[in-house]
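Engineer: Next comes the structure file model.tsv, holding TSV, C-alpha atoms.
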```tsv
chain	number	residue	atom	x	y	z
Y	29	MET	CA	-23.72	1.49	-8.92
Y	30	PHE	CA	-26.95	-0.24	-9.82
Y	31	LEU	CA	-28.68	-0.64	-13.17
Y	32	SER	CA	-32.05	1.19	-13.32
Y	33	LEU	CA	-34.63	-0.26	-15.76
Y	34	ASN	CA	-37.80	1.46	-17.12
Y	35	LEU	CA	-40.54	-1.18	-17.59
Y	36	SER	CA	-43.14	1.17	-19.04
Y	37	SER	CA	-42.35	0.70	-22.73
Y	38	ASN	CA	-42.46	-2.29	-25.11
Y	39	THR	CA	-38.87	-1.57	-26.17
Y	40	SER	CA	-37.69	-1.87	-22.61
Y	41	ARG	CA	-39.55	-5.15	-22.19
Y	42	ARG	CA	-37.92	-6.54	-25.34
Y	43	ASN	CA	-34.51	-5.43	-24.13
Y	44	ILE	CA	-35.08	-7.12	-20.80
Y	45	ALA	CA	-36.18	-10.34	-22.53
Y	46	VAL	CA	-33.06	-10.38	-24.68
Y	47	PHE	CA	-30.91	-9.65	-21.64
Y	48	LEU	CA	-32.46	-12.50	-19.63
Y	49	LEU	CA	-32.06	-14.87	-22.58
Y	50	VAL	CA	-28.36	-14.09	-22.80
Y	51	VAL	CA	-27.97	-14.65	-19.06
Y	52	VAL	CA	-29.70	-18.05	-19.29
Y	53	ILE	CA	-27.43	-19.11	-22.17
Y	54	LEU	CA	-24.27	-18.06	-20.35
Y	55	VAL	CA	-25.29	-19.85	-17.16
Y	56	SER	CA	-26.13	-23.00	-19.12
Y	57	LEU	CA	-22.76	-22.95	-20.86
Y	58	ALA	CA	-20.98	-22.50	-17.56
Y	59	PHE	CA	-22.68	-25.57	-16.07
Y	60	TYR	CA	-22.00	-27.58	-19.23
Y	61	TYR	CA	-18.28	-26.86	-19.34
Y	62	SER	CA	-17.53	-26.86	-15.63
Y	63	PRO	CA	-16.87	-30.65	-15.47
Y	64	LEU	CA	-14.35	-30.26	-18.27
Y	65	LEU	CA	-12.59	-27.40	-16.53
Y	66	LYS	CA	-12.46	-29.33	-13.26
Y	67	SER	CA	-11.71	-32.79	-14.64
Y	68	PRO	CA	-9.57	-35.06	-12.44
Y	69	ARG	CA	-5.90	-35.77	-13.26
Y	70	THR	CA	-5.13	-38.41	-15.84
Y	71	ASN	CA	-2.07	-40.52	-16.60
Y	72	THR	CA	-1.36	-38.54	-19.79
Y	73	PRO	CA	2.08	-36.97	-19.38
Y	74	VAL	CA	2.66	-33.28	-19.95
Y	75	ILE	CA	5.44	-32.83	-22.52
Y	76	ALA	CA	7.70	-29.86	-21.85
Y	77	SER	CA	8.69	-27.77	-24.83
Y	78	SER	CA	12.29	-28.04	-25.98
Y	79	THR	CA	14.63	-25.95	-28.12
Y	80	SER	CA	13.91	-28.28	-31.06
Y	81	SER	CA	10.15	-28.58	-30.70
Y	82	ALA	CA	9.54	-28.16	-34.44
Y	83	SER	CA	9.06	-31.31	-36.47
Y	84	LEU	CA	11.81	-32.07	-38.96
Y	85	ASP	CA	11.03	-31.03	-42.53
Y	86	PRO	CA	14.00	-32.09	-44.69
Y	87	VAL	CA	12.51	-30.45	-47.80
Y	88	GLU	CA	12.26	-27.05	-46.12
Y	89	ILE	CA	15.65	-27.36	-44.40
Y	90	TYR	CA	17.37	-28.28	-47.65
Y	91	ALA	CA	15.71	-25.43	-49.55
Y	92	LYS	CA	16.90	-22.91	-46.94
Y	93	SER	CA	20.35	-24.36	-46.27
Y	94	ASN	CA	21.83	-25.84	-49.44
Y	95	ALA	CA	23.02	-22.50	-50.84
Y	96	SER	CA	25.17	-22.14	-47.71
Y	97	VAL	CA	27.01	-25.44	-48.26
Y	98	VAL	CA	30.19	-25.36	-50.35
Y	99	THR	CA	32.67	-27.80	-51.87
Y	100	ILE	CA	36.33	-27.50	-50.85
Y	101	GLU	CA	38.91	-29.01	-53.22
Y	102	GLY	CA	42.66	-29.09	-53.63
Y	103	VAL	CA	45.66	-31.37	-53.89
Y	104	THR	CA	48.03	-32.75	-51.31
Y	105	THR	CA	51.36	-34.53	-51.59
Y	106	ASP	CA	51.91	-37.84	-49.83
Y	107	LEU	CA	55.57	-38.11	-48.83
Y	108	THR	CA	55.32	-41.31	-46.81
Y	109	GLY	CA	56.15	-43.67	-49.69
Y	110	PRO	CA	59.32	-44.19	-51.71
Y	111	ALA	CA	58.16	-41.48	-54.14
Y	112	PRO	CA	55.92	-38.42	-53.67
Y	113	ILE	CA	52.30	-38.97	-54.69
Y	114	VAL	CA	50.04	-36.03	-55.54
Y	115	MET	CA	46.40	-36.71	-54.59
Y	116	SER	CA	43.19	-34.75	-55.13
Y	117	LEU	CA	41.10	-34.14	-52.01
Y	118	LEU	CA	37.51	-33.05	-51.63
Y	119	GLY	CA	35.45	-31.98	-48.63
Y	120	THR	CA	32.56	-29.81	-47.51
Y	121	GLY	CA	32.13	-26.51	-45.70
Y	122	PHE	CA	29.36	-24.07	-44.84
Y	123	VAL	CA	29.01	-20.32	-44.50
Y	124	ILE	CA	28.66	-18.51	-41.18
Y	125	ALA	CA	28.72	-14.81	-40.30
Y	126	TYR	CA	30.95	-13.38	-37.59
Y	127	GLY	CA	31.31	-9.69	-36.92
Y	128	ASN	CA	30.99	-7.93	-40.24
Y	129	SER	CA	32.50	-10.77	-42.26
Y	130	ASP	CA	31.46	-14.08	-43.76
Y	131	TYR	CA	33.56	-17.20	-43.27
Y	132	ILE	CA	33.42	-20.85	-44.23
Y	133	VAL	CA	33.70	-23.46	-41.49
Y	134	THR	CA	35.16	-26.87	-42.32
Y	135	ASN	CA	37.29	-29.60	-40.75
Y	136	PHE	CA	40.99	-29.19	-40.07
Y	137	HIS	CA	41.69	-32.48	-41.79
Y	138	VAL	CA	39.97	-31.22	-44.95
Y	139	VAL	CA	42.41	-28.31	-45.43
Y	140	ASP	CA	45.51	-29.65	-43.64
Y	141	GLY	CA	48.34	-29.69	-46.18
Y	142	LEU	CA	45.97	-28.74	-48.99
Y	143	GLU	CA	47.53	-26.87	-51.94
Y	144	ASN	CA	45.76	-24.79	-54.59
Y	145	SER	CA	42.57	-25.08	-52.59
Y	146	THR	CA	39.31	-23.69	-53.93
Y	147	VAL	CA	35.79	-23.13	-52.64
Y	148	THR	CA	32.87	-23.81	-54.99
Y	149	PHE	CA	29.41	-22.51	-54.11
Y	150	SER	CA	26.20	-24.35	-54.95
Y	151	ASN	CA	25.67	-22.14	-58.04
Y	152	GLY	CA	29.01	-23.29	-59.48
Y	153	ASP	CA	31.01	-20.12	-58.76
Y	154	ALA	CA	34.51	-21.01	-57.51
Y	155	TYR	CA	37.18	-18.96	-55.71
Y	156	GLN	CA	40.63	-19.46	-54.26
Y	157	ALA	CA	40.49	-20.32	-50.56
Y	158	GLU	CA	42.60	-19.03	-47.69
Y	159	VAL	CA	42.77	-20.67	-44.25
Y	160	VAL	CA	42.19	-18.01	-41.58
Y	161	GLY	CA	42.51	-20.21	-38.51
Y	162	SER	CA	42.58	-23.86	-37.47
Y	163	ASP	CA	42.49	-26.16	-34.47
Y	164	ALA	CA	43.54	-29.79	-34.94
Y	165	TYR	CA	42.33	-30.80	-31.45
Y	166	SER	CA	38.73	-29.98	-32.42
Y	167	ASP	CA	39.21	-30.73	-36.14
Y	168	LEU	CA	38.05	-27.21	-37.03
Y	169	ALA	CA	39.24	-24.75	-39.66
Y	170	LEU	CA	38.05	-21.34	-40.78
Y	171	VAL	CA	38.35	-20.39	-44.46
Y	172	SER	CA	37.81	-17.10	-46.31
Y	173	VAL	CA	37.31	-16.31	-49.98
Y	174	LYS	CA	37.29	-13.01	-51.86
Y	175	SER	CA	33.96	-12.94	-53.63
Y	176	SER	CA	30.82	-10.90	-54.01
Y	177	PRO	CA	28.73	-10.66	-50.80
Y	178	SER	CA	25.84	-12.13	-52.76
Y	179	GLU	CA	27.58	-15.53	-52.72
Y	180	PHE	CA	27.27	-15.84	-48.95
Y	181	HIS	CA	24.15	-17.25	-47.30
Y	182	PRO	CA	25.16	-17.76	-43.65
Y	183	LEU	CA	23.69	-20.53	-41.54
Y	184	GLN	CA	22.85	-19.90	-37.90
Y	185	LEU	CA	24.72	-21.79	-35.18
Y	186	GLY	CA	22.45	-23.51	-32.68
Y	187	VAL	CA	23.05	-24.61	-29.08
Y	188	SER	CA	24.33	-28.18	-29.21
Y	189	SER	CA	24.29	-28.63	-25.42
Y	190	SER	CA	20.48	-28.76	-25.56
Y	191	LEU	CA	20.46	-31.68	-28.03
Y	192	LYS	CA	18.51	-34.73	-26.92
Y	193	VAL	CA	19.34	-38.32	-27.84
Y	194	GLY	CA	16.77	-39.42	-30.41
Y	195	GLU	CA	16.30	-35.92	-31.85
Y	196	SER	CA	16.04	-35.75	-35.65
Y	197	VAL	CA	18.86	-34.16	-37.67
Y	198	VAL	CA	19.95	-33.85	-41.29
Y	199	ALA	CA	23.44	-33.80	-42.79
Y	200	ILE	CA	24.27	-31.94	-46.01
Y	201	GLY	CA	27.54	-32.53	-47.85
Y	202	ASN	CA	29.39	-33.76	-50.90
Y	203	PRO	CA	29.99	-37.51	-50.48
Y	204	TYR	CA	32.29	-38.80	-53.22
Y	205	GLY	CA	31.85	-35.44	-54.96
Y	206	LEU	CA	28.05	-35.74	-55.19
Y	207	SER	CA	27.41	-32.13	-54.21
Y	208	GLY	CA	24.36	-31.04	-52.26
Y	209	THR	CA	23.50	-34.47	-50.84
Y	210	ILE	CA	21.14	-34.56	-47.85
Y	211	THR	CA	20.63	-37.49	-45.49
Y	212	VAL	CA	18.32	-37.82	-42.49
Y	213	GLY	CA	18.87	-39.48	-39.11
Y	214	ILE	CA	18.78	-38.98	-35.36
Y	215	VAL	CA	21.18	-38.01	-32.61
Y	216	SER	CA	22.41	-41.41	-31.43
Y	217	GLN	CA	24.44	-40.12	-28.45
Y	218	VAL	CA	26.27	-37.02	-27.22
Y	219	GLY	CA	29.55	-36.47	-25.40
Y	220	ARG	CA	31.52	-39.05	-27.38
Y	221	THR	CA	35.33	-38.95	-27.47
Y	222	LEU	CA	37.20	-39.69	-30.72
Y	223	GLN	CA	40.76	-40.93	-30.51
Y	224	GLU	CA	42.91	-39.70	-33.40
Y	225	ASP	CA	46.46	-40.98	-33.95
Y	226	THR	CA	47.46	-37.67	-35.58
Y	227	LEU	CA	46.79	-35.67	-32.40
Y	228	GLY	CA	49.76	-36.90	-30.38
Y	229	GLY	CA	47.68	-39.14	-28.12
Y	230	PHE	CA	45.01	-36.52	-27.46
Y	231	ALA	CA	41.35	-37.05	-28.32
Y	232	ILE	CA	38.60	-34.97	-29.88
Y	233	ALA	CA	36.23	-34.43	-26.97
Y	234	ASP	CA	32.48	-33.96	-26.72
Y	235	THR	CA	31.42	-35.07	-30.21
Y	236	ILE	CA	27.89	-35.87	-31.39
Y	237	GLN	CA	27.14	-39.37	-32.63
Y	238	PHE	CA	24.39	-39.49	-35.27
Y	239	SER	CA	22.79	-41.98	-37.65
Y	240	ALA	CA	22.41	-39.96	-40.89
Y	241	ALA	CA	24.47	-41.62	-43.63
Y	242	VAL	CA	27.80	-39.90	-44.31
Y	243	ASN	CA	30.72	-40.88	-46.52
Y	244	PRO	CA	34.12	-39.52	-47.62
Y	245	GLY	CA	33.50	-35.98	-48.86
Y	246	ASN	CA	30.89	-35.22	-46.20
Y	247	SER	CA	33.60	-33.98	-43.81
Y	248	GLY	CA	33.05	-30.34	-42.91
Y	249	GLY	CA	29.34	-30.28	-43.75
Y	250	PRO	CA	26.63	-29.03	-41.39
Y	251	LEU	CA	24.52	-31.18	-39.10
Y	252	ILE	CA	21.19	-29.36	-38.83
Y	253	ASP	CA	18.36	-29.75	-36.33
Y	254	SER	CA	14.60	-29.43	-36.89
Y	255	ASN	CA	14.76	-25.67	-36.30
Y	256	GLY	CA	17.13	-25.28	-39.23
Y	257	THR	CA	20.13	-24.32	-37.08
Y	258	VAL	CA	23.57	-25.92	-37.22
Y	259	VAL	CA	24.20	-28.13	-34.19
Y	260	GLY	CA	27.39	-29.76	-35.45
Y	261	ILE	CA	29.96	-30.15	-38.20
Y	262	THR	CA	30.43	-33.62	-39.66
Y	263	THR	CA	33.93	-34.87	-38.87
Y	264	ALA	CA	34.24	-38.66	-39.00
Y	265	VAL	CA	32.63	-41.92	-39.98
Y	266	THR	CA	33.64	-45.35	-38.71
Y	267	SER	CA	34.98	-47.43	-41.59
Y	268	GLY	CA	32.73	-50.34	-42.52
Y	269	SER	CA	29.87	-49.17	-40.29
Y	270	GLN	CA	26.35	-48.15	-41.17
Y	271	GLY	CA	24.73	-45.08	-39.62
Y	272	LEU	CA	27.67	-44.28	-37.34
Y	273	GLY	CA	28.80	-40.71	-37.94
Y	274	PHE	CA	30.32	-38.11	-35.64
Y	275	ALA	CA	30.18	-34.32	-35.55
Y	276	ILE	CA	31.95	-31.52	-33.69
Y	277	PRO	CA	29.24	-29.70	-31.66
Y	278	SER	CA	28.21	-26.17	-32.57
Y	279	ASP	CA	29.04	-25.01	-29.03
Y	280	THR	CA	32.68	-25.82	-29.78
Y	281	ILE	CA	32.52	-23.73	-32.97
Y	282	SER	CA	30.96	-20.80	-31.09
Y	283	ARG	CA	33.54	-21.04	-28.31
Y	284	GLU	CA	36.55	-21.12	-30.63
Y	285	LEU	CA	35.39	-18.79	-33.39
Y	286	PRO	CA	36.64	-15.49	-31.86
Y	287	PHE	CA	40.11	-16.99	-31.27
Y	288	LEU	CA	40.38	-18.52	-34.73
Y	289	VAL	CA	39.49	-15.17	-36.31
Y	290	LYS	CA	41.81	-13.11	-34.11
Y	291	ASP	CA	44.76	-15.43	-33.45
Y	292	GLY	CA	44.47	-18.12	-36.10
Y	293	LYS	CA	44.73	-20.74	-33.32
Y	294	TYR	CA	42.91	-21.90	-30.19
Y	295	TYR	CA	45.04	-22.04	-27.04
Y	296	ARG	CA	42.46	-22.91	-24.39
Y	297	HIS	CA	42.14	-26.70	-24.50
Y	298	PRO	CA	42.52	-28.03	-20.94
Y	299	TYR	CA	45.47	-30.30	-20.20
Y	300	LEU	CA	45.54	-32.75	-17.27
Y	301	GLY	CA	48.64	-34.75	-18.20
Y	302	VAL	CA	47.46	-38.31	-17.62
Y	303	GLN	CA	47.05	-41.61	-19.47
Y	304	LEU	CA	43.66	-43.08	-18.61
Y	305	VAL	CA	41.55	-46.19	-19.09
Y	306	ASP	CA	37.88	-46.77	-18.29
Y	307	MET	CA	37.18	-48.81	-15.19
Y	308	ASN	CA	35.06	-51.97	-15.57
Y	309	TYR	CA	34.14	-55.08	-13.63
Y	310	GLN	CA	37.26	-57.03	-14.64
Y	311	LEU	CA	39.59	-54.21	-13.61
Y	312	SER	CA	37.79	-53.74	-10.31
Y	313	GLN	CA	38.21	-57.44	-9.52
Y	314	ALA	CA	41.90	-57.33	-10.37
Y	315	MET	CA	42.36	-54.27	-8.16
Y	316	GLY	CA	40.31	-55.61	-5.28
Y	317	THR	CA	37.77	-52.77	-5.36
Y	318	ASN	CA	34.02	-52.66	-5.83
Y	319	VAL	CA	34.23	-49.52	-8.01
Y	320	THR	CA	33.33	-50.49	-11.59
Y	321	TRP	CA	33.07	-46.95	-12.99
Y	322	GLY	CA	35.33	-43.93	-13.27
Y	323	VAL	CA	38.71	-43.71	-15.02
Y	324	LEU	CA	41.94	-45.34	-13.87
Y	325	ILE	CA	45.17	-43.34	-14.08
Y	326	GLU	CA	47.80	-45.58	-15.64
Y	327	ASN	CA	50.49	-42.92	-16.04
Y	328	THR	CA	51.04	-39.25	-15.27
Y	329	VAL	CA	53.19	-36.95	-17.41
Y	330	PRO	CA	56.27	-35.82	-15.45
Y	331	GLU	CA	55.84	-32.21	-14.33
Y	332	GLY	CA	52.34	-32.20	-15.78
Y	333	PRO	CA	49.34	-30.78	-13.88
Y	334	ALA	CA	48.26	-34.15	-12.45
Y	335	SER	CA	51.79	-35.09	-11.41
Y	336	LYS	CA	52.39	-31.72	-9.73
Y	337	ALA	CA	49.11	-32.09	-7.81
Y	338	GLY	CA	50.16	-35.50	-6.47
Y	339	LEU	CA	47.87	-37.76	-8.52
Y	340	ARG	CA	49.38	-41.21	-8.97
Y	341	GLY	CA	49.68	-43.62	-11.86
Y	342	GLY	CA	49.90	-47.41	-11.79
Y	343	THR	CA	52.81	-49.65	-10.80
Y	344	GLN	CA	51.68	-53.18	-11.65
Y	345	ASN	CA	51.43	-54.64	-15.17
Y	346	VAL	CA	48.48	-56.99	-15.60
Y	347	THR	CA	47.02	-58.78	-18.63
Y	348	ILE	CA	43.23	-59.07	-18.74
Y	349	ALA	CA	41.54	-60.62	-21.80
Y	350	ASP	CA	44.73	-60.16	-23.86
Y	351	GLN	CA	44.84	-56.47	-22.93
Y	352	GLN	CA	47.71	-54.91	-20.98
Y	353	TYR	CA	46.88	-52.64	-18.03
Y	354	LEU	CA	48.93	-50.76	-15.46
Y	355	LEU	CA	47.14	-51.09	-12.14
Y	356	GLY	CA	47.56	-49.45	-8.75
Y	357	GLY	CA	46.92	-45.84	-9.73
Y	358	ASP	CA	44.24	-43.44	-8.60
Y	359	ILE	CA	40.68	-43.85	-9.89
Y	360	ILE	CA	39.07	-40.53	-10.87
Y	361	ILE	CA	35.38	-40.60	-9.93
Y	362	SER	CA	34.40	-36.91	-9.91
Y	363	ILE	CA	35.39	-33.39	-10.92
Y	364	ASP	CA	34.06	-30.44	-8.92
Y	365	GLY	CA	31.49	-32.78	-7.43
Y	366	ASN	CA	30.24	-34.05	-10.79
Y	367	ARG	CA	30.28	-37.82	-11.28
Y	368	ILE	CA	32.79	-39.03	-13.88
Y	369	ALA	CA	31.54	-42.37	-15.18
Y	370	ASN	CA	34.10	-42.88	-17.94
Y	371	TYR	CA	36.65	-41.21	-20.21
Y	372	ASP	CA	33.91	-39.68	-22.39
Y	373	ALA	CA	32.44	-37.95	-19.34
Y	374	LEU	CA	35.83	-36.66	-18.19
Y	375	SER	CA	36.82	-35.29	-21.61
Y	376	THR	CA	33.43	-33.69	-22.15
Y	377	TYR	CA	33.39	-32.02	-18.73
Y	378	LEU	CA	36.89	-30.60	-19.12
Y	379	GLU	CA	36.21	-29.27	-22.62
Y	380	ARG	CA	32.87	-27.67	-21.72
Y	381	HIS	CA	33.61	-26.24	-18.29
Y	382	VAL	CA	37.35	-25.91	-17.64
Y	383	VAL	CA	40.00	-23.55	-19.03
Y	384	PRO	CA	43.78	-23.49	-18.50
Y	385	GLY	CA	44.79	-21.95	-15.20
Y	386	GLN	CA	41.59	-23.04	-13.47
Y	387	THR	CA	41.85	-25.21	-10.34
Y	388	ILE	CA	39.46	-28.16	-10.24
Y	389	GLN	CA	38.63	-30.51	-7.39
Y	390	VAL	CA	39.35	-34.08	-8.52
Y	391	GLY	CA	37.63	-36.82	-6.56
Y	392	ILE	CA	39.64	-40.05	-6.51
Y	393	ILE	CA	39.82	-43.46	-4.90
Y	394	ARG	CA	43.34	-44.34	-3.74
Y	395	LEU	CA	43.96	-47.74	-2.15
Y	396	GLY	CA	40.29	-47.95	-1.18
Y	397	ASN	CA	40.12	-44.45	0.31
Y	398	ARG	CA	38.15	-41.55	-1.15
Y	399	MET	CA	40.02	-38.27	-1.47
Y	400	VAL	CA	39.69	-34.90	-3.19
Y	401	VAL	CA	42.81	-33.43	-4.80
Y	402	PRO	CA	42.98	-29.86	-6.16
Y	403	VAL	CA	44.59	-29.73	-9.61
Y	404	GLU	CA	45.52	-26.60	-11.59
Y	405	ILE	CA	44.75	-27.32	-15.23
Y	406	GLY	CA	47.35	-26.64	-17.90
Y	407	ALA	CA	46.95	-25.90	-21.62
Y	408	ARG	CA	47.71	-28.10	-24.61
Y	409	GLN	CA	50.21	-26.72	-27.05
Y	410	PRO	CA	48.58	-26.00	-30.44
Y	411	ILE	CA	49.60	-28.27	-33.29
```
What would the structure in this file look like if it were written as structure tokens?
Structural biologist:
Amino acid sequence: MFLSLNLSSNTSRRNIAVFLLVVVILVSLAFYYSPLLKSPRTNTPVIASSTSSASLDPVEIYAKSNASVVTIEGVTTDLTGPAPIVMSLLGTGFVIAYGNSDYIVTNFHVVDGLENSTVTFSNGDAYQAEVVGSDAYSDLALVSVKSSPSEFHPLQLGVSSSLKVGESVVAIGNPYGLSGTITVGIVSQVGRTLQEDTLGGFAIADTIQFSAAVNPGNSGGPLIDSNGTVVGITTAVTSGSQGLGFAIPSDTISRELPFLVKDGKYYRHPYLGVQLVDMNYQLSQAMGTNVTWGVLIENTVPEGPASKAGLRGGTQNVTIADQQYLLGGDIIISIDGNRIANYDALSTYLERHVVPGQTIQVGIIRLGNRMVVPVEIGARQPI
């Protein structure tokens, strides 16, 4: 199809003039901008978007989240001394929704042994609390209260596995009873392992290390990212430190929540049945190996998964820098082909990817030889 023009009238001539003027302008613009559209590559990096691309706004996050944060109080009796001592305890929790119900998430150690426990909302309304489910190995507990639905303002659980070191976060809690306190920091590291004496030698795996200031009373409060979603639950602070807090990741909460609601316990923590120590340069020299990473098996639990699979513990006691070690055992260097650099990496991998009854391929070094040993993982017994 072609455009037919009538040049006999003045109107047509004016229309043609306007048309040609528009064409000239468009062509000129095209030539002007073409160098910009075809500019050569520069050294400016292209930043990929992430799940927490929003900038942190503590004012907005606090305004939207504080009504969801509660104070948990009660008394406990200390029977370790010559006479019983009744002590008041205080912690934090926050509201989440699951199914058609609202629950309060907090730490196991906040409600463990707690009597006459209550939940107080940010508006001052208080109710008697009931523990629905708990898991000491992850320091998690689920609490319910009988109150008006208007009291509940659930927070959304985020995806903690996408957290980046250096990402900004805020913590909200009740340090020393100072309710509704917010502090700001960053994610200092992920995949940390916390050793707790009360867990029978087991550790809390895959925790988040962060720098926001936390103190006694913060336990059980939410750790919130720049999108306003909960990425962790504050669980511990190192005594005497500054800016060294730890949180249970939100992925752990999401994974355990259905079991805590239904069964009141979580039965799916993987169990390997070993006593381990991180490899380092000094250990490698003492063992005559050039492997300075991985985890050394010092002991295996009789009839445990590792022992049944044929993994070996140490046989030789050695003192290095005033520390006792049992050398001669297998060195775990991988699981299912994934490099295991240290105990943190092993604990985190097992907790994230392995369930009881699953067979994993454990890469080891035994007397200088590399081997792969299949191991069927067991389950820890709930406390």
Engineer: Name the closest residue to Pro203 in chain Y among the candidates Y:Ala240, Y:Leu118, Y:Val346, Y:Val401; distances are taken between atoms, counting only C-alpha atoms.
Structural biologist: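 Among the listed residues, the smallest separation from Pro203 in chain Y belongs to Y:Leu118.
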Engineer: For a test of reading the model, state the distance in Å between CA of Ile261 in chain Y and CA of Gln409 in chain Y, rounded to one decimal.
Structural biologist: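 CA of Ile261 in chain Y sits 23.4 Å away from CA of Gln409 in chain Y.
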Engineer: If you measure from CA of Val198 in chain Y to CA of Gly271 in chain Y, what distance in Å do you get, rounded to one decimal?
Structural biologist: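 The value is 12.3 Å.
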Engineer: Using all atoms listed in the file, pick whichever of Y:Ile411, Y:Val197, Y:Leu339, Y:Val138 has the shortest atom-to-atom distance to Gly256 in chain Y.
Structural biologist: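 Nearest candidate to Gly256 in chain Y out of Y:Ile411, Y:Val197, Y:Leu339, Y:Val138: Y:Val197.
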Engineer: What residues have an atom no more than 10 Å from (34.3, -15.6, -54.2) in the file's own frame, counting all atoms listed in the file, and can you write them as a ChimeraX atom specification?
Structural biologist: /Y:146-149,153-157,172-180
